[in-house]
Amino acid sequence: MEPIISAAGLAAELGGAGEPPVLIDVRYRMGGPPGHGEYAKGHVPGARYVDLDAELAGPPGAGGRHPLPGIEVFGAAMRRAGVSAGRDVVLYDDWNGWGPARAWWLLRWAGHERVRVLDGGLAAWTAAGLPLSTEEPPPGDGDFVPAPGGMPVLDADGAAALARRGVLLDARAGERYRGEVEPIDPVAGHIPGAVSAPTMDNVAADGTFLPAARLAERFAAVGAKGGAEVGVYCGSGVSAAHQILALAVAGVPAALYPGSWSEWTAHPTRPVATGPTPA
């Protein structure tokens, strides 16, 4: 199954004769309030809201700002959203795709393979002239039981080792990678050996992903291509999931370092590099 779906493709599936996909609204803006208020103002008809901070991440701490959620918390949230083992899932937001990419990665990691992200999010849906609803569906009765292990995961030591033997991509903005600014975490810079590949360079001006061939060229230019061992980190493991989604569109598998820079810098003994080059 392709990891993304167009607004027209989703509309066709929702209006078709078969069982429609489960729709999940993952409104999330870094540093902003929970997205339920925006969801209530208008969402894709039939979609249920899931909160990234509360249900797609554990409490912040030594493991980073967005550590992986507890399995029971995540499983319960997905069942309330209507997720069942044999049913397709489509995720979206109204920002830059980070929230649904996080949910996509978590579902894939937890064993659900039939999951896609709406390319371009809610903006693409409304630009196509498709309707919104303010009616909030009741909680779903999904039967999904997470079985972790479906996607590769790195810890801090694994990320450091991969930066030496393979390709570790830093998905943050270039100025954060170079150590010129650090608006969130206590130390500026990057993991030694990591390569800068800002995740926002994977999308066009309208928020849709670049074509697969262009993404493959972009990633190949930084060494992330067939046969390479690839990992990704960001500030807290959210935008890195968006990078892994873009890599999946390009046909390149990759591991996630969930703790990312927020966990790395929580331990002052870990080395930090600055400047435009990996070393």
# chains A, B, ... in the order shown; residues from 1 in each chain; ligands from 1
$ select_by_dssp --residues "segment 139-189 of chain A" --states "strand (DSSP E)" --output "PyMOL selection string"
chain A and resi 167-170
$ write_last_selection --atoms "C-alpha atoms" --output "tab-separated table (two decimals), in the first residue's frame"
chain	number	residue	atom	x	y	z
A	167	VAL	CA	23.37	7.51	6.97
A	168	LEU	CA	21.79	9.36	9.88
A	169	LEU	CA	19.56	12.21	8.66
A	170	ASP	CA	18.81	15.26	10.78
$ select_by_dssp --residues "segment 43-241 of chain A" --states "helix (DSSP H, G or I)" --output "PyMOL selection string"
chain A and resi 52-55+71-80+98-109+121-127+156-165+174-178+199-202+212-221+239-241
$ residues_around --residues "Glu135 of chain A" --least-positions-apart "4" --cutoff "9 Å" --atoms "only C-alpha atoms" --output "compact mmCIF listing (two decimals) with C-alpha atoms, in the first residue's frame"
# COMPACT_ATOMS: atom_id res chain seq x y z
CA ALA A 40 -14.56 20.98 16.08
CA GLY A 42 -14.62 21.62 10.67
CA HIS A 43 -13.14 18.25 9.72
CA PRO A 45 -16.85 13.99 7.61
CA GLY A 46 -16.58 10.93 9.81
$ closest_atom_pairs --of "segment 56-168 of chain A" --to "segment 267-279 of chain A" --cutoff "12 Å" --atoms "only C-alpha atoms" --output "CSV"
residue,atom,partner,partner_atom,distance
A:Gly61,CA,A:His267,CA,11.5
A:Ala62,CA,A:His267,CA,8.3
A:Gly63,CA,A:His267,CA,10.1
A:Gly64,CA,A:His267,CA,10.5
A:Ala156,CA,A:Arg270,CA,9.1
A:Asp157,CA,A:Arg270,CA,9.7
A:Ala159,CA,A:Arg270,CA,11.7
A:Ala160,CA,A:Pro271,CA,9.5
A:Ala163,CA,A:Pro278,CA,8.8
A:Arg164,CA,A:Ala279,CA,9.8
A:Val167,CA,A:Pro278,CA,10.3
A:Leu168,CA,A:Pro278,CA,9.5
$ write_last_selection --atoms "N, CA and C atoms" --output "compact mmCIF listing (two decimals), in the first residue's frame"
# COMPACT_ATOMS: atom_id res chain seq x y z
N GLY A 61 10.47 13.90 29.34
CA GLY A 61 11.41 13.64 30.42
C GLY A 61 12.76 13.26 29.85
N ALA A 62 13.45 12.36 30.53
CA ALA A 62 14.80 11.97 30.10
C ALA A 62 14.79 11.31 28.72
N GLY A 63 13.64 10.75 28.34
CA GLY A 63 13.53 10.11 27.03
C GLY A 63 13.20 11.07 25.91
N GLY A 64 13.13 12.37 26.20
CA GLY A 64 12.84 13.36 25.17
C GLY A 64 11.50 14.03 25.37
N ALA A 156 19.85 6.10 21.54
CA ALA A 156 20.93 7.07 21.36
C ALA A 156 22.21 6.40 20.88
N ASP A 157 22.58 5.28 21.50
CA ASP A 157 23.81 4.59 21.08
C ASP A 157 23.68 4.07 19.66
N ALA A 159 21.82 5.37 17.29
CA ALA A 159 21.91 6.51 16.37
C ALA A 159 23.35 6.93 16.16
N ALA A 160 24.13 6.98 17.23
CA ALA A 160 25.54 7.35 17.12
C ALA A 160 26.31 6.36 16.25
N ALA A 163 25.36 6.73 12.54
CA ALA A 163 25.99 7.91 11.92
C ALA A 163 27.40 7.59 11.43
N ARG A 164 28.03 6.59 12.03
CA ARG A 164 29.39 6.21 11.62
C ARG A 164 29.38 5.19 10.48
N VAL A 167 23.82 6.14 7.23
CA VAL A 167 23.37 7.51 6.97
C VAL A 167 22.35 7.88 8.03
N LEU A 168 22.71 8.84 8.87
CA LEU A 168 21.79 9.36 9.88
C LEU A 168 21.37 10.76 9.44
$ closest_atom_pairs --of "segment 133-226 of chain A" --to "segment 70-84 of chain A" --cutoff "8 Å" --atoms "only C-alpha atoms" --output "tab-separated table"
residue	atom	partner	partner_atom	distance
A:Pro139	CA	A:Arg80	CA	5.0
A:Gly140	CA	A:Gly82	CA	4.1
A:Asp141	CA	A:Gly82	CA	5.4
A:Gly142	CA	A:Arg79	CA	4.2
A:Asp143	CA	A:Ser84	CA	4.7
A:Phe144	CA	A:Ser84	CA	4.5
A:Val145	CA	A:Gly75	CA	5.9
A:Pro146	CA	A:Gly75	CA	5.9
$ write_last_selection --atoms "C-alpha atoms" --output "JSON list (two decimals), in the first residue's frame"
[["chain", "number", "residue", "atom", "x", "y", "z"],
["A", 139, "PRO", "CA", -16.13, 6.85, 20.02],
["A", 140, "GLY", "CA", -15.32, 3.96, 17.74],
["A", 141, "ASP", "CA", -15.28, 0.29, 18.65],
["A", 142, "GLY", "CA", -12.09, -0.78, 16.93],
["A", 143, "ASP", "CA", -10.34, -4.04, 17.77],
["A", 144, "PHE", "CA", -6.73, -3.03, 17.04],
["A", 145, "VAL", "CA", -4.16, -4.48, 19.46],
["A", 146, "PRO", "CA", -0.65, -3.03, 19.03]]
$ closest_residue --among "A:Leu247, A:Ala101, A:Leu130, A:Ala220" --to "Leu118 of chain A" --atoms "only C-alpha atoms"
A:Ala101
